[in-house]
Amino acid sequence: MGTRRRIVAGNWKMNLDRAEAVALAEGVASGANSCANCSLILCPPSIYLAAVANALKLSKGNSPSGVGLGGQNLHNQPKGAFTGEIAPAMLIDIGCSSCIVGHSERRTLFGETDAIVNEKAKAALAAGLTPIICVGETLEEREQDRTAAVVTEQIMGSLEGFTPADLTASIIAYEPVWAIGTGKVATPEQAQEVHALIRQQLATLTDEETANQVVIQYGGSVKPDNAGILASQQDIDGALVGGASLKADDFLAIAKHFAEAS
Ligand code: 13P
């Protein structure tokens, strides 16, 4: 655990209207000082990034409330004929400091392979964004006892060619697919086991000192009432929150657990 930062991010997915997004951002910003030891990141739908940046009073990467802004997805090319896509530099321009990459919904619904995730993560890093790189097994894979193999393959493929500096500038999110939006949270032991495995893989990829600095978030039905026990695990450094991030009080309560565990 040591000196690793605590970071809790809210993935709003394709939810809320503009007024609700602004109100939620303001609610989180006004309570952020209650969990000062934990960094907060909000990832709204891309069409509301500007409105949320405005609500957070972001200017040139500075956030008076300390709450950061993140994208949910990006394209790997800097610009060009890619209708509907968003370039990494555009996210920076609008005030983002990070971006979710390779969420399981992108992998399963939009065909993102480890190779694509790798390209996107590298593009994010090149632009100066922190990629929040997601991995996680399906229920079928867990039941077949393939969790370790699947997560190892995703980590190695998604992070191929990463230098130690790339790795410490990234966040890894372990999100077991069967726990996402289902109310079935992984037990603290199940989550810790995979987090430890991921850290081991990161050490293989670079070295132990580097691996020990990398923030690994857990995601999948994180709620205020299970965040405390997750936060107490040695290799769980934060959370990537879906449903519960749509309520400012719940999101802040989750972050508080991680702030207290730091
Ligand atoms: P839930 O917290 O709604 O399970 O979603 C998790 C998730 O996918 C965050 O990226």
# chains A, B, ... in the order shown; residues from 1 in each chain; ligands from 1
$ closest_atom_pairs --of "chain A" --to "ligand 1" --cutoff "7 Å" --atoms "only C-alpha atoms and all ligand atoms" --output "tab-separated table"
residue	atom	partner	partner_atom_place_in_ligand_line	distance
A:Asn11	CA	ligand 1	10 (O)	5.1
A:His103	CA	ligand 1	10 (O)	6.5
A:Glu175	CA	ligand 1	8 (O)	6.8
A:Ala179	CA	ligand 1	4 (O)	5.9
A:Ile180	CA	ligand 1	4 (O)	3.5
A:Gly181	CA	ligand 1	4 (O)	3.5
A:Thr182	CA	ligand 1	4 (O)	6.1
A:Gly183	CA	ligand 1	4 (O)	6.6
A:Gly219	CA	ligand 1	6 (C)	5.0
A:Gly220	CA	ligand 1	4 (O)	3.8
A:Ser221	CA	ligand 1	4 (O)	3.5
A:Val222	CA	ligand 1	2 (O)	5.2
A:Leu240	CA	ligand 1	9 (C)	4.9
A:Val241	CA	ligand 1	2 (O)	4.3
A:Gly242	CA	ligand 1	2 (O)	3.4
A:Gly243	CA	ligand 1	3 (O)	3.7
A:Ala244	CA	ligand 1	2 (O)	6.0
$ select_by_dssp --residues "stretch 20-69 of chain A" --states "strand (DSSP E)" --output "ChimeraX atom specification"
/A:38-43,67-69
$ residues_around --residues "stretch 129-134 of chain A" --least-positions-apart "4" --cutoff "6 Å" --atoms "only C-alpha atoms" --output "list in words"
Ser97, Ser98, Cys99, Ile100, Val101, Gly102, His103, Ala121, Ala124, Leu125, Ala169, Ser170, Ile171, Ile172, Ala173 and Tyr174 of chain A
$ write_last_selection --atoms "all heavy atoms" --output "JSON list (two decimals), in the first residue's frame"
[["chain", "number", "residue", "atom", "x", "y", "z"],
["A", 97, "SER", "N", -8.11, 15.39, -17.76],
["A", 97, "SER", "CA", -6.77, 14.96, -17.39],
["A", 97, "SER", "C", -6.63, 13.44, -17.54],
["A", 97, "SER", "O", -5.54, 12.90, -17.41],
["A", 97, "SER", "CB", -6.46, 15.37, -15.95],
["A", 97, "SER", "OG", -7.54, 15.00, -15.12],
["A", 98, "SER", "N", -7.74, 12.77, -17.80],
["A", 98, "SER", "CA", -7.69, 11.31, -17.92],
["A", 98, "SER", "C", -8.77, 10.82, -18.89],
["A", 98, "SER", "O", -9.60, 11.62, -19.33],
["A", 98, "SER", "CB", -7.89, 10.66, -16.54],
["A", 98, "SER", "OG", -9.12, 11.07, -16.00],
["A", 99, "CYS", "N", -8.71, 9.54, -19.21],
["A", 99, "CYS", "CA", -9.73, 8.95, -20.08],
["A", 99, "CYS", "C", -9.81, 7.45, -19.84],
["A", 99, "CYS", "O", -8.77, 6.78, -19.78],
["A", 99, "CYS", "CB", -9.40, 9.21, -21.55],
["A", 99, "CYS", "SG", -10.71, 8.66, -22.68],
["A", 100, "ILE", "N", -11.02, 6.95, -19.69],
["A", 100, "ILE", "CA", -11.21, 5.50, -19.58],
["A", 100, "ILE", "C", -10.88, 4.87, -20.94],
["A", 100, "ILE", "O", -11.26, 5.41, -21.98],
["A", 100, "ILE", "CB", -12.68, 5.18, -19.20],
["A", 100, "ILE", "CG1", -13.03, 5.81, -17.84],
["A", 100, "ILE", "CG2", -12.93, 3.67, -19.17],
["A", 100, "ILE", "CD1", -14.52, 5.76, -17.51],
["A", 101, "VAL", "N", -10.17, 3.76, -20.90],
["A", 101, "VAL", "CA", -9.79, 3.08, -22.15],
["A", 101, "VAL", "C", -10.10, 1.59, -21.98],
["A", 101, "VAL", "O", -9.72, 0.98, -20.98],
["A", 101, "VAL", "CB", -8.29, 3.27, -22.46],
["A", 101, "VAL", "CG1", -7.91, 2.51, -23.72],
["A", 101, "VAL", "CG2", -7.94, 4.75, -22.60],
["A", 102, "GLY", "N", -10.78, 1.02, -22.97],
["A", 102, "GLY", "CA", -11.00, -0.43, -22.96],
["A", 102, "GLY", "C", -11.97, -0.91, -21.91],
["A", 102, "GLY", "O", -11.85, -2.04, -21.41],
["A", 103, "HIS", "N", -12.95, -0.06, -21.57],
["A", 103, "HIS", "CA", -14.00, -0.53, -20.66],
["A", 103, "HIS", "C", -14.63, -1.79, -21.25],
["A", 103, "HIS", "O", -14.71, -1.93, -22.48],
["A", 103, "HIS", "CB", -15.06, 0.57, -20.48],
["A", 103, "HIS", "CG", -16.04, 0.24, -19.42],
["A", 103, "HIS", "ND1", -17.14, -0.57, -19.64],
["A", 103, "HIS", "CD2", -16.09, 0.59, -18.11],
["A", 103, "HIS", "CE1", -17.81, -0.69, -18.51],
["A", 103, "HIS", "NE2", -17.20, 0.00, -17.57],
["A", 121, "ALA", "N", -4.48, 3.61, -25.44],
["A", 121, "ALA", "CA", -3.78, 3.98, -24.19],
["A", 121, "ALA", "C", -2.51, 4.75, -24.52],
["A", 121, "ALA", "O", -2.20, 5.77, -23.87],
["A", 121, "ALA", "CB", -3.47, 2.72, -23.38],
["A", 124, "ALA", "N", -3.42, 8.22, -25.59],
["A", 124, "ALA", "CA", -3.78, 9.03, -24.43],
["A", 124, "ALA", "C", -2.52, 9.54, -23.74],
["A", 124, "ALA", "O", -2.39, 10.74, -23.44],
["A", 124, "ALA", "CB", -4.63, 8.21, -23.46],
["A", 125, "LEU", "N", -1.58, 8.63, -23.50],
["A", 125, "LEU", "CA", -0.32, 9.00, -22.83],
["A", 125, "LEU", "C", 0.44, 10.06, -23.63],
["A", 125, "LEU", "O", 0.95, 11.03, -23.06],
["A", 125, "LEU", "CB", 0.56, 7.77, -22.62],
["A", 125, "LEU", "CG", 0.09, 6.81, -21.52],
["A", 125, "LEU", "CD1", 0.78, 5.46, -21.67],
["A", 125, "LEU", "CD2", 0.34, 7.40, -20.14],
["A", 169, "ALA", "N", 2.16, 6.58, -15.24],
["A", 169, "ALA", "CA", 1.26, 7.66, -15.69],
["A", 169, "ALA", "C", -0.13, 7.10, -16.03],
["A", 169, "ALA", "O", -0.98, 7.83, -16.53],
["A", 169, "ALA", "CB", 1.85, 8.37, -16.90],
["A", 170, "SER", "N", -0.34, 5.81, -15.77],
["A", 170, "SER", "CA", -1.62, 5.16, -16.08],
["A", 170, "SER", "C", -2.30, 4.69, -14.80],
["A", 170, "SER", "O", -1.67, 4.57, -13.76],
["A", 170, "SER", "CB", -1.39, 3.92, -16.97],
["A", 170, "SER", "OG", -0.72, 4.26, -18.17],
["A", 171, "ILE", "N", -3.59, 4.42, -14.93],
["A", 171, "ILE", "CA", -4.36, 3.76, -13.87],
["A", 171, "ILE", "C", -4.89, 2.46, -14.48],
["A", 171, "ILE", "O", -5.30, 2.45, -15.65],
["A", 171, "ILE", "CB", -5.54, 4.64, -13.41],
["A", 171, "ILE", "CG1", -5.04, 5.93, -12.75],
["A", 171, "ILE", "CG2", -6.47, 3.87, -12.47],
["A", 171, "ILE", "CD1", -6.16, 6.95, -12.46],
["A", 172, "ILE", "N", -4.85, 1.39, -13.70],
["A", 172, "ILE", "CA", -5.45, 0.13, -14.15],
["A", 172, "ILE", "C", -6.76, -0.05, -13.39],
["A", 172, "ILE", "O", -6.81, 0.21, -12.18],
["A", 172, "ILE", "CB", -4.53, -1.08, -13.87],
["A", 172, "ILE", "CG1", -3.10, -0.84, -14.40],
["A", 172, "ILE", "CG2", -5.14, -2.37, -14.43],
["A", 172, "ILE", "CD1", -2.99, -0.67, -15.88],
["A", 173, "ALA", "N", -7.81, -0.46, -14.08],
["A", 173, "ALA", "CA", -9.07, -0.76, -13.40],
["A", 173, "ALA", "C", -9.42, -2.22, -13.63],
["A", 173, "ALA", "O", -9.56, -2.65, -14.77],
["A", 173, "ALA", "CB", -10.19, 0.13, -13.92],
["A", 174, "TYR", "N", -9.53, -2.96, -12.52],
["A", 174, "TYR", "CA", -10.00, -4.35, -12.61],
["A", 174, "TYR", "C", -11.51, -4.35, -12.42],
["A", 174, "TYR", "O", -12.01, -4.02, -11.34],
["A", 174, "TYR", "CB", -9.33, -5.23, -11.55],
["A", 174, "TYR", "CG", -10.00, -6.59, -11.43],
["A", 174, "TYR", "CD1", -10.13, -7.42, -12.55],
["A", 174, "TYR", "CD2", -10.54, -7.03, -10.23],
["A", 174, "TYR", "CE1", -10.77, -8.64, -12.46],
["A", 174, "TYR", "CE2", -11.19, -8.26, -10.13],
["A", 174, "TYR", "CZ", -11.30, -9.06, -11.25],
["A", 174, "TYR", "OH", -11.94, -10.27, -11.17]]
$ closest_residue --among "A:His195, A:Arg107, A:Lys57, A:His75" --to "A:Gln217" --atoms "only C-alpha atoms"
A:His195
$ residues_around --residues "A:Pro224" --least-positions-apart "2" --cutoff "10 Å" --atoms "only C-alpha atoms" --output "count of residues only"
15
$ residues_around --residues "stretch 27-38 of chain A" --least-positions-apart "6" --cutoff "12 Å" --atoms "only C-alpha atoms" --output "VMD selection string"
chain A and resid 3 to 10 20 to 21 52 to 58 63 to 69 215 231 237 to 239 245 to 262
$ write_last_selection --atoms "C-alpha atoms" --output "PDB file, in the first residue's frame"
ATOM      1  CA  THR A   3       2.463   5.822  -0.589  1.00  0.00           C
ATOM      2  CA  ARG A   4       0.184   4.944  -3.446  1.00  0.00           C
ATOM      3  CA  ARG A   5      -2.414   7.570  -4.278  1.00  0.00           C
ATOM      4  CA  ARG A   6      -6.124   6.879  -3.828  1.00  0.00           C
ATOM      5  CA  ILE A   7      -8.241   7.662  -6.854  1.00  0.00           C
ATOM      6  CA  VAL A   8     -11.975   7.178  -7.269  1.00  0.00           C
ATOM      7  CA  ALA A   9     -13.511   7.806 -10.685  1.00  0.00           C
ATOM      8  CA  GLY A  10     -17.157   8.018 -11.682  1.00  0.00           C
ATOM      9  CA  GLU A  20     -28.476  16.717 -14.235  1.00  0.00           C
ATOM     10  CA  ALA A  21     -24.817  16.393 -15.255  1.00  0.00           C
ATOM     11  CA  VAL A  52     -19.097  19.669 -16.555  1.00  0.00           C
ATOM     12  CA  ALA A  53     -15.729  21.409 -17.059  1.00  0.00           C
ATOM     13  CA  ASN A  54     -17.591  24.661 -16.620  1.00  0.00           C
ATOM     14  CA  ALA A  55     -19.396  23.418 -13.501  1.00  0.00           C
ATOM     15  CA  LEU A  56     -16.029  22.348 -12.029  1.00  0.00           C
ATOM     16  CA  LYS A  57     -14.559  25.754 -13.024  1.00  0.00           C
ATOM     17  CA  LEU A  58     -11.675  23.993 -14.752  1.00  0.00           C
ATOM     18  CA  SER A  63      -9.401  22.521 -10.766  1.00  0.00           C
ATOM     19  CA  PRO A  64     -10.304  24.724  -7.788  1.00  0.00           C
ATOM     20  CA  SER A  65     -12.345  21.890  -6.247  1.00  0.00           C
ATOM     21  CA  GLY A  66      -9.608  19.338  -6.975  1.00  0.00           C
ATOM     22  CA  VAL A  67     -12.077  17.215  -8.953  1.00  0.00           C
ATOM     23  CA  GLY A  68     -10.686  16.086 -12.295  1.00  0.00           C
ATOM     24  CA  LEU A  69     -12.436  15.464 -15.581  1.00  0.00           C
ATOM     25  CA  VAL A 215      -2.916   2.770  -8.881  1.00  0.00           C
ATOM     26  CA  ALA A 231     -10.563  -0.050   0.338  1.00  0.00           C
ATOM     27  CA  ASP A 237      -6.170   1.732  -4.451  1.00  0.00           C
ATOM     28  CA  GLY A 238      -9.436   3.178  -5.640  1.00  0.00           C
ATOM     29  CA  ALA A 239     -12.641   2.484  -7.478  1.00  0.00           C
ATOM     30  CA  SER A 245     -21.455   7.661  -9.205  1.00  0.00           C
ATOM     31  CA  LEU A 246     -24.762   9.119 -10.435  1.00  0.00           C
ATOM     32  CA  LYS A 247     -25.576  10.301  -6.904  1.00  0.00           C
ATOM     33  CA  ALA A 248     -23.170  12.845  -5.428  1.00  0.00           C
ATOM     34  CA  ASP A 249     -23.681  11.625  -1.851  1.00  0.00           C
ATOM     35  CA  ASP A 250     -23.036   7.978  -2.712  1.00  0.00           C
ATOM     36  CA  PHE A 251     -19.995   8.807  -4.832  1.00  0.00           C
ATOM     37  CA  LEU A 252     -18.529  10.976  -2.076  1.00  0.00           C
ATOM     38  CA  ALA A 253     -19.274   8.338   0.561  1.00  0.00           C
ATOM     39  CA  ILE A 254     -17.345   5.767  -1.505  1.00  0.00           C
ATOM     40  CA  ALA A 255     -14.424   8.169  -1.934  1.00  0.00           C
ATOM     41  CA  LYS A 256     -14.413   8.858   1.795  1.00  0.00           C
ATOM     42  CA  HIS A 257     -13.795   5.176   2.496  1.00  0.00           C
ATOM     43  CA  PHE A 258     -10.758   5.259   0.217  1.00  0.00           C
ATOM     44  CA  ALA A 259      -9.560   8.563   1.731  1.00  0.00           C
ATOM     45  CA  GLU A 260      -9.743   7.023   5.197  1.00  0.00           C
ATOM     46  CA  ALA A 261      -7.884   3.907   4.085  1.00  0.00           C
ATOM     47  CA  SER A 262      -4.973   5.956   2.720  1.00  0.00           C
TER      48      SER A 262
END
$ atom_distance --atom1 "atom CA of A:Trp12" --atom2 "atom CA of A:Ser59"
21.9 Å
$ closest_residue --among "A:Pro164, A:Gly111, A:Pro78, A:Gly71" --to "A:Ile94" --atoms "only C-alpha atoms"
A:Gly71
$ select_by_dssp --residues "stretch 44-161 of chain A" --states "helix (DSSP H, G or I)" --output "number ranges by chain"
A: 46-55, 88-94, 104-109, 114-127, 139-143, 147-158
$ closest_residue --among "A:Gln154, A:Thr210, A:Thr187, A:Gln200" --to "A:Asp166" --atoms "only C-alpha atoms"
A:Thr210
$ atom_distance --atom1 "atom CA of A:Val177" --atom2 "atom CA of A:Arg18"
28.3 Å
$ atom_distance --atom1 "atom CA of A:Ala203" --atom2 "atom CA of A:Met156"
11.2 Å
$ closest_residue --among "A:Val117, A:Lys122, A:Phe110, A:Arg146" --to "A:Pro88" --atoms "only C-alpha atoms"
A:Lys122
$ decode --residues "stretch 207-228 of chain A" --atoms "N, CA and C atoms" --output "PDB file, in the first residue's frame"
ATOM      1  N   ASP A 207       9.259  -3.415 -13.585  1.00  0.00           N
ATOM      2  CA  ASP A 207      10.006  -3.846 -12.402  1.00  0.00           C
ATOM      3  C   ASP A 207       9.121  -3.632 -11.180  1.00  0.00           C
ATOM      4  N   GLU A 208       9.533  -4.213 -10.067  1.00  0.00           N
ATOM      5  CA  GLU A 208       8.692  -4.209  -8.870  1.00  0.00           C
ATOM      6  C   GLU A 208       8.435  -2.796  -8.337  1.00  0.00           C
ATOM      7  N   GLU A 209       9.470  -1.971  -8.370  1.00  0.00           N
ATOM      8  CA  GLU A 209       9.334  -0.609  -7.836  1.00  0.00           C
ATOM      9  C   GLU A 209       8.278   0.162  -8.624  1.00  0.00           C
ATOM     10  N   THR A 210       8.322   0.012  -9.936  1.00  0.00           N
ATOM     11  CA  THR A 210       7.324   0.669 -10.792  1.00  0.00           C
ATOM     12  C   THR A 210       5.936   0.115 -10.484  1.00  0.00           C
ATOM     13  N   ALA A 211       5.834  -1.212 -10.442  1.00  0.00           N
ATOM     14  CA  ALA A 211       4.529  -1.851 -10.214  1.00  0.00           C
ATOM     15  C   ALA A 211       3.902  -1.390  -8.904  1.00  0.00           C
ATOM     16  N   ASN A 212       4.736  -1.171  -7.901  1.00  0.00           N
ATOM     17  CA  ASN A 212       4.230  -0.756  -6.590  1.00  0.00           C
ATOM     18  C   ASN A 212       3.671   0.662  -6.576  1.00  0.00           C
ATOM     19  N   GLN A 213       3.974   1.428  -7.620  1.00  0.00           N
ATOM     20  CA  GLN A 213       3.470   2.811  -7.674  1.00  0.00           C
ATOM     21  C   GLN A 213       2.152   2.936  -8.425  1.00  0.00           C
ATOM     22  N   VAL A 214       1.781   1.880  -9.138  1.00  0.00           N
ATOM     23  CA  VAL A 214       0.622   2.004 -10.038  1.00  0.00           C
ATOM     24  C   VAL A 214      -0.699   1.865  -9.268  1.00  0.00           C
ATOM     25  N   VAL A 215      -1.590   2.808  -9.503  1.00  0.00           N
ATOM     26  CA  VAL A 215      -2.916   2.770  -8.881  1.00  0.00           C
ATOM     27  C   VAL A 215      -3.774   1.749  -9.613  1.00  0.00           C
ATOM     28  N   ILE A 216      -4.298   0.781  -8.857  1.00  0.00           N
ATOM     29  CA  ILE A 216      -5.199  -0.224  -9.428  1.00  0.00           C
ATOM     30  C   ILE A 216      -6.572  -0.066  -8.772  1.00  0.00           C
ATOM     31  N   GLN A 217      -7.543   0.318  -9.595  1.00  0.00           N
ATOM     32  CA  GLN A 217      -8.905   0.516  -9.095  1.00  0.00           C
ATOM     33  C   GLN A 217      -9.710  -0.769  -9.258  1.00  0.00           C
ATOM     34  N   TYR A 218     -10.686  -0.931  -8.371  1.00  0.00           N
ATOM     35  CA  TYR A 218     -11.663  -2.006  -8.549  1.00  0.00           C
ATOM     36  C   TYR A 218     -12.962  -1.376  -9.068  1.00  0.00           C
ATOM     37  N   GLY A 219     -13.632  -2.058  -9.978  1.00  0.00           N
ATOM     38  CA  GLY A 219     -14.938  -1.589 -10.448  1.00  0.00           C
ATOM     39  C   GLY A 219     -15.906  -2.743 -10.586  1.00  0.00           C
ATOM     40  N   GLY A 220     -17.180  -2.461 -10.312  1.00  0.00           N
ATOM     41  CA  GLY A 220     -18.215  -3.497 -10.400  1.00  0.00           C
ATOM     42  C   GLY A 220     -19.066  -3.479  -9.154  1.00  0.00           C
ATOM     43  N   SER A 221     -20.209  -2.744  -9.240  1.00  0.00           N
ATOM     44  CA  SER A 221     -21.159  -2.657  -8.120  1.00  0.00           C
ATOM     45  C   SER A 221     -20.546  -2.128  -6.832  1.00  0.00           C
ATOM     46  N   VAL A 222     -19.620  -1.174  -6.958  1.00  0.00           N
ATOM     47  CA  VAL A 222     -19.092  -0.518  -5.746  1.00  0.00           C
ATOM     48  C   VAL A 222     -20.168   0.427  -5.225  1.00  0.00           C
ATOM     49  N   LYS A 223     -20.458   0.306  -3.930  1.00  0.00           N
ATOM     50  CA  LYS A 223     -21.484   1.128  -3.268  1.00  0.00           C
ATOM     51  C   LYS A 223     -20.895   1.636  -1.951  1.00  0.00           C
ATOM     52  N   PRO A 224     -21.558   2.634  -1.335  1.00  0.00           N
ATOM     53  CA  PRO A 224     -21.036   3.112  -0.042  1.00  0.00           C
ATOM     54  C   PRO A 224     -20.884   1.984   0.984  1.00  0.00           C
ATOM     55  N   ASP A 225     -21.792   0.985   0.954  1.00  0.00           N
ATOM     56  CA  ASP A 225     -21.722  -0.036   1.998  1.00  0.00           C
ATOM     57  C   ASP A 225     -20.716  -1.162   1.735  1.00  0.00           C
ATOM     58  N   ASN A 226     -20.116  -1.213   0.557  1.00  0.00           N
ATOM     59  CA  ASN A 226     -19.057  -2.226   0.367  1.00  0.00           C
ATOM     60  C   ASN A 226     -17.689  -1.599   0.093  1.00  0.00           C
ATOM     61  N   ALA A 227     -17.652  -0.271  -0.022  1.00  0.00           N
ATOM     62  CA  ALA A 227     -16.388   0.398  -0.379  1.00  0.00           C
ATOM     63  C   ALA A 227     -15.333   0.280   0.722  1.00  0.00           C
ATOM     64  N   GLY A 228     -15.782   0.293   1.980  1.00  0.00           N
ATOM     65  CA  GLY A 228     -14.837   0.267   3.101  1.00  0.00           C
ATOM     66  C   GLY A 228     -13.981  -0.985   3.100  1.00  0.00           C
TER      67      GLY A 228
END
